[in-house]
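A quick write-up on the structure given underneath.
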Amino acid sequence: MIKREAEDFLKSVSKSFPVVAITGPRQSGKTTLARFVFGDKPYVNLENLDLRDAAENDPRGFLSQYSKGAVLDEIQRCPKLFSYLQEFIDTLNIPGLFVLTGSQQFGLLSSITQSLAGRVALLQLLPFNLSECSLIKSFTEKTSIDELLLKGFYPPVHDKKPEPAVWYSNYVQTYIERDVRQMVNIKDLSLFRRFVRMCASRTGQLLNLSSLSADCGITHNTAREWISILEASYIIFLLRPHYSNFSKRLIKTPKIYFYDTGLASWLLSIQDKVQMSHHPMRGALFETFVISEFMKSRYNRGLESNLYFWRDRTGTEVDLVVEKGDKLEPVEIKSGQTLNKDYFAGINKWSEIAGDVSINPVLIYGGSATIEKHGIKVVSWKSISEVSYQ
């Protein structure tokens, strides 16, 4: 098994919280991680109808079988169990008693909020990050960024090595046919599929619900609801603009990003790394990769996002702003392999505007060298963990 960066967080919080919950997208490795870290606990899969019936019909009797704890997988399938879990763990008062996993953010988190507040530590587990991928035998120094953008970071794509296009096709079909239908009643699934593809074509762009709804032939409110569904199931996330205006008129609209470039690439019908290298969305996918790496770094440590972007109405923009107390760390993202002076224009202008608020400017690019230039740390995509983990 590939060592996941989130292992240390799970081991730490299990010493002080009676319940640890792991949520995230399907196939991100939640069950594998839980069973590996907590291998001494019985594993209970509540997708199993017999087990689920037992938990629903006699929750106290069901839980009494696990007085020494258990890994309860897909627990959002049995929401009735949460109230009884509260009573059970309060009686025993043992840290690290139960480990809960679930794929549907709303289903798991809403139940936790209602019944287990203050008793649970939460981990949001996303697909592999670059450091984890580097532990895989197939990953070498010759692995190109185009190959990674195309392949994505879901563990089964690297572990079982299926054809990525086939795997993502089945993933999307399963996700739409199963998870989406459980979350909301969508009558025309083909229309929802089109909506997801339209979102992929906008990764790295400002979210424009009017444009999305018009292109898909749906109402503005439906587009807003479907965006929420994609967020809840960890397909996309919205990067918010930072509120510091520095006497400037700011863009207040969030930007849309996919958590995984492999999924976005499949939705864009990019078929191989040669096509990727010339595709007009390559720059946006590279930016998506970089920002998702920062997001994974935060989540793997049990931290909430402190990530933003900054753009004023004159066009001055910083791709990523990392909030660190009362300071802001600007990160510029360029997919090209050759440095040129234009790469530094945006971050230099930002530094002038932000003044002492701006610290440790970073440029992440598609090349291989990591250097310092003009007071800016220039980091290769291969070394992204050097800055994303800070």
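Ligands are numbered from 1 in the order shown, residues from 1 within each chain, and chains are lettered A, B, ... in the order they appear in the structure tokens.
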Report as a tab-separated table: every residue of region 329-359 of chain A with an atom at most 10 Å from region 232-252 of chain A, its closest pair of atoms, and their distance in Å to one decimal, counting only C-alpha atoms, with rows sorted by chain and ascending residue number.
residue	atom	partner	partner_atom	distance
A:Ile353	CA	A:Phe246	CA	6.7
A:Ala354	CA	A:Phe246	CA	6.6
A:Gly355	CA	A:Phe246	CA	9.3
A:Val357	CA	A:Ser244	CA	9.9
Can I get the selection written as a PDB file, in the first residue's frame, with N, CA, C and O atoms?
ATOM      1  N   ILE A 353       1.218  46.477  -4.950  1.00  0.00           N
ATOM      2  CA  ILE A 353      -0.087  46.865  -4.415  1.00  0.00           C
ATOM      3  C   ILE A 353      -0.233  46.445  -2.955  1.00  0.00           C
ATOM      4  O   ILE A 353      -0.695  47.214  -2.107  1.00  0.00           O
ATOM      5  N   ALA A 354       0.177  45.200  -2.646  1.00  0.00           N
ATOM      6  CA  ALA A 354      -0.044  44.645  -1.311  1.00  0.00           C
ATOM      7  C   ALA A 354       0.936  45.161  -0.272  1.00  0.00           C
ATOM      8  O   ALA A 354       0.627  45.178   0.920  1.00  0.00           O
ATOM      9  N   GLY A 355       2.134  45.561  -0.706  1.00  0.00           N
ATOM     10  CA  GLY A 355       3.112  46.084   0.232  1.00  0.00           C
ATOM     11  C   GLY A 355       3.577  45.044   1.230  1.00  0.00           C
ATOM     12  O   GLY A 355       3.863  43.893   0.884  1.00  0.00           O
ATOM     13  N   VAL A 357       2.011  43.367   3.327  1.00  0.00           N
ATOM     14  CA  VAL A 357       1.111  42.231   3.523  1.00  0.00           C
ATOM     15  C   VAL A 357       1.606  41.013   2.746  1.00  0.00           C
ATOM     16  O   VAL A 357       1.403  39.871   3.144  1.00  0.00           O
TER      17      VAL A 357
END
List every residue of region 45-107 of chain A that DSSP, applied to the backbone, labels as alpha helix (DSSP H), and write the result as number ranges by chain.
-> A: 49-57, 59-64, 81-92, 105-107
Next, write the just-selected residues to a file, as a short mmCIF file (atom, residue, chain, number, x, y, z; two decimals), in the first residue's frame, keeping N, CA and C atoms as the atom set.
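Saved as part.cif:
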data_model
loop_
_atom_site.label_atom_id
_atom_site.label_comp_id
_atom_site.auth_asym_id
_atom_site.auth_seq_id
_atom_site.Cartn_x
_atom_site.Cartn_y
_atom_site.Cartn_z
N LEU A 49 -26.62 -5.17 2.73
CA LEU A 49 -28.03 -5.03 3.13
C LEU A 49 -28.33 -5.71 4.46
N ASP A 50 -27.73 -6.86 4.71
CA ASP A 50 -27.99 -7.57 5.96
C ASP A 50 -27.48 -6.78 7.15
N LEU A 51 -26.28 -6.25 7.03
CA LEU A 51 -25.71 -5.45 8.11
C LEU A 51 -26.49 -4.16 8.31
N ARG A 52 -26.90 -3.57 7.19
CA ARG A 52 -27.66 -2.33 7.30
C ARG A 52 -29.01 -2.56 7.97
N ASP A 53 -29.66 -3.64 7.60
CA ASP A 53 -30.95 -3.97 8.24
C ASP A 53 -30.78 -4.16 9.74
N ALA A 54 -29.70 -4.83 10.12
CA ALA A 54 -29.45 -5.06 11.55
C ALA A 54 -29.22 -3.74 12.27
N ALA A 55 -28.49 -2.83 11.64
CA ALA A 55 -28.20 -1.54 12.26
C ALA A 55 -29.45 -0.68 12.36
N GLU A 56 -30.32 -0.76 11.36
CA GLU A 56 -31.53 0.06 11.36
C GLU A 56 -32.61 -0.49 12.29
N ASN A 57 -32.73 -1.82 12.36
CA ASN A 57 -33.81 -2.43 13.14
C ASN A 57 -33.48 -2.55 14.63
N PRO A 59 -30.43 -0.80 16.48
CA PRO A 59 -29.16 -0.07 16.54
C PRO A 59 -28.38 -0.32 17.83
N ARG A 60 -29.07 -0.42 18.97
CA ARG A 60 -28.35 -0.66 20.22
C ARG A 60 -27.72 -2.06 20.22
N GLY A 61 -28.46 -3.05 19.75
CA GLY A 61 -27.92 -4.39 19.66
C GLY A 61 -26.77 -4.48 18.68
N PHE A 62 -26.90 -3.75 17.57
CA PHE A 62 -25.84 -3.72 16.56
C PHE A 62 -24.55 -3.15 17.14
N LEU A 63 -24.64 -2.01 17.81
CA LEU A 63 -23.45 -1.35 18.35
C LEU A 63 -22.84 -2.13 19.51
N SER A 64 -23.67 -2.86 20.25
CA SER A 64 -23.15 -3.62 21.39
C SER A 64 -22.15 -4.69 20.97
N LEU A 81 -28.36 5.49 12.70
CA LEU A 81 -27.34 4.98 13.62
C LEU A 81 -26.63 6.11 14.38
N PHE A 82 -26.61 7.30 13.82
CA PHE A 82 -25.82 8.38 14.42
C PHE A 82 -26.27 8.74 15.83
N SER A 83 -27.56 8.84 16.07
CA SER A 83 -28.05 9.21 17.40
C SER A 83 -27.66 8.17 18.45
N TYR A 84 -27.71 6.90 18.07
CA TYR A 84 -27.34 5.85 18.99
C TYR A 84 -25.82 5.80 19.20
N LEU A 85 -25.08 6.18 18.17
CA LEU A 85 -23.63 6.27 18.32
C LEU A 85 -23.25 7.28 19.40
N GLN A 86 -23.94 8.41 19.42
CA GLN A 86 -23.66 9.43 20.42
C GLN A 86 -23.80 8.85 21.83
N GLU A 87 -24.92 8.18 22.07
CA GLU A 87 -25.17 7.58 23.39
C GLU A 87 -24.11 6.54 23.73
N PHE A 88 -23.75 5.74 22.72
CA PHE A 88 -22.81 4.63 22.92
C PHE A 88 -21.42 5.15 23.28
N ILE A 89 -20.91 6.12 22.52
CA ILE A 89 -19.55 6.61 22.77
C ILE A 89 -19.48 7.44 24.04
N ASP A 90 -20.58 8.16 24.40
CA ASP A 90 -20.58 8.93 25.64
C ASP A 90 -20.54 8.00 26.85
N THR A 91 -21.14 6.84 26.73
CA THR A 91 -21.14 5.88 27.84
C THR A 91 -19.75 5.27 28.03
N LEU A 92 -19.11 4.88 26.93
CA LEU A 92 -17.81 4.20 27.02
C LEU A 92 -16.65 5.18 27.23
N GLN A 105 -20.73 14.04 0.96
CA GLN A 105 -20.39 15.04 1.96
C GLN A 105 -21.60 15.48 2.77
N PHE A 106 -22.69 15.80 2.08
CA PHE A 106 -23.86 16.29 2.79
C PHE A 106 -24.43 15.22 3.70
N GLY A 107 -24.52 13.98 3.22
CA GLY A 107 -25.10 12.91 4.01
C GLY A 107 -24.32 12.62 5.27
#
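Once region 361-364 of chain A and its same-chain neighbours fewer than 6 positions away are set aside, Glu329, Pro330, Val331, Glu332, Ile333, Lys334, Ile376, Lys377, Val378, Val379, Ser380 and Trp381 of chain A remain within 7 Å of it when counting only C-alpha atoms.
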Write down as a PyMOL selection string the residues of region 19-175 of chain A whose backbone DSSP state falls under strand (DSSP E).
-> chain A and resi 19-23+43-45+70-73+98-102+120-124
Hey, what's within 8 Å of region 116-122 of chain A if we count only C-alpha atoms and toss same-chain stuff fewer than 2 positions away? As a PyMOL selection string, please?
-> chain A and resi 13-14+17-23+82-83+86+111-114+124+302
Output file for the residues above (N, CA, C and O atoms, as a CSV table (one decimal), in the first residue's frame):
chain,number,residue,atom,x,y,z
A,13,VAL,N,-5.3,12.2,15.9
A,13,VAL,CA,-6.6,12.5,16.4
A,13,VAL,C,-7.3,11.4,17.1
A,13,VAL,O,-8.2,11.6,17.9
A,14,SER,N,-7.0,10.1,16.7
A,14,SER,CA,-7.6,9.0,17.3
A,14,SER,C,-7.3,8.8,18.7
A,14,SER,O,-7.9,8.0,19.5
A,17,PHE,N,-10.0,11.9,20.2
A,17,PHE,CA,-11.4,11.9,19.8
A,17,PHE,C,-12.0,10.5,19.8
A,17,PHE,O,-11.4,9.6,19.3
A,18,PRO,N,-13.2,10.4,20.3
A,18,PRO,CA,-13.8,9.0,20.3
A,18,PRO,C,-14.2,8.5,18.9
A,18,PRO,O,-14.3,7.3,18.6
A,19,VAL,N,-14.4,9.5,18.0
A,19,VAL,CA,-14.8,9.2,16.6
A,19,VAL,C,-13.9,9.9,15.6
A,19,VAL,O,-13.6,11.1,15.8
A,20,VAL,N,-13.5,9.2,14.6
A,20,VAL,CA,-12.8,9.8,13.5
A,20,VAL,C,-13.6,9.5,12.2
A,20,VAL,O,-14.0,8.4,12.0
A,21,ALA,N,-13.9,10.6,11.4
A,21,ALA,CA,-14.7,10.4,10.2
A,21,ALA,C,-13.8,10.8,9.0
A,21,ALA,O,-13.1,11.8,9.0
A,22,ILE,N,-13.9,9.9,8.0
A,22,ILE,CA,-13.2,10.1,6.7
A,22,ILE,C,-14.2,10.3,5.6
A,22,ILE,O,-14.9,9.4,5.3
A,23,THR,N,-14.2,11.4,5.0
A,23,THR,CA,-15.1,11.6,3.8
A,23,THR,C,-14.2,12.0,2.6
A,23,THR,O,-13.0,12.3,2.7
A,82,PHE,N,-26.6,7.3,13.8
A,82,PHE,CA,-25.8,8.4,14.4
A,82,PHE,C,-26.3,8.7,15.8
A,82,PHE,O,-25.4,9.0,16.7
A,83,SER,N,-27.6,8.8,16.1
A,83,SER,CA,-28.0,9.2,17.4
A,83,SER,C,-27.7,8.2,18.4
A,83,SER,O,-27.3,8.5,19.6
A,86,GLN,N,-23.9,8.4,19.4
A,86,GLN,CA,-23.7,9.4,20.4
A,86,GLN,C,-23.8,8.9,21.8
A,86,GLN,O,-22.9,9.0,22.7
A,111,SER,N,-25.2,14.7,9.4
A,111,SER,CA,-25.5,13.8,10.5
A,111,SER,C,-24.5,14.0,11.6
A,111,SER,O,-24.9,13.9,12.8
A,112,ILE,N,-23.2,14.2,11.3
A,112,ILE,CA,-22.2,14.5,12.3
A,112,ILE,C,-22.5,15.7,13.0
A,112,ILE,O,-22.5,15.8,14.3
A,113,THR,N,-22.9,16.8,12.3
A,113,THR,CA,-23.3,18.1,12.9
A,113,THR,C,-24.4,17.9,13.9
A,113,THR,O,-24.4,18.5,15.0
A,114,GLN,N,-25.4,17.1,13.5
A,114,GLN,CA,-26.6,17.0,14.4
A,114,GLN,C,-26.3,16.1,15.6
A,114,GLN,O,-26.8,16.4,16.7
A,124,GLN,N,-10.9,15.0,5.3
A,124,GLN,CA,-11.4,15.0,3.9
A,124,GLN,C,-10.2,14.4,3.1
A,124,GLN,O,-9.2,15.1,2.9
A,302,GLY,N,-5.9,17.8,8.2
A,302,GLY,CA,-7.1,18.1,8.9
A,302,GLY,C,-7.4,19.5,9.0
A,302,GLY,O,-8.2,20.0,9.9
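Atom to atom, CA of Gln27 (chain A) and CA of Cys199 (chain A) stand 20.9 Å apart.
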Point out the residue among A:Gln275, A:Ser169, A:Ser211, A:Thr316 with the least atom-to-atom distance to Glu352 (chain A), counting only C-alpha atoms.
-> A:Thr316
Taking only C-alpha atoms into account, which of A:Pro162, A:Gly96, A:Gly204, A:Gly24 comes nearest Asp40 (chain A)?
-> A:Gly96
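Separating CA of Gln76 (chain A) from CA of Leu191 (chain A) is a distance of 27.0 Å.
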Would you kindly return, as number ranges by chain, each protein, DNA or RNA residue with an atom no farther than 10 Å from any atom of Asp179 (chain A), considering only C-alpha atoms and excluding same-chain residues fewer than 4 positions away?
-> A: 26, 103-104, 173-175, 183-184, 229, 233
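Nearest residue to Tyr259 (chain A) among A:Asn129, A:Gln65, A:Asn221, A:Ser201 is A:Asn129, counting only C-alpha atoms.
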Hey, what's within 10 Å of Asn208 (chain A) if we count only C-alpha atoms and toss same-chain stuff fewer than 2 positions away? As JSON, numbers by chain, please?
-> {"A": [199, 202, 205, 206, 210, 211, 212, 213, 220, 223, 224, 253, 254, 255, 256]}
Report as a tab-separated table the residues of region 175-287 of chain A within 8 Å of region 140-146 of chain A, each with its shortest atom pair and distance in Å (one decimal), using only C-alpha atoms, ordered by chain and increasing residue number.
residue	atom	partner	partner_atom	distance
A:Lys273	CA	A:Asp146	CA	5.3
A:Val274	CA	A:Asp146	CA	7.9
A:Met276	CA	A:Asp146	CA	6.0
A:Ser277	CA	A:Asp146	CA	6.1
Which polymer residues have any atom within 6 Å of an atom of region 321-324 of chain A, counting only C-alpha atoms, with same-chain residues fewer than 2 positions away left out, as an NGL selection string?
-> :A and (306-309 or 327-330)
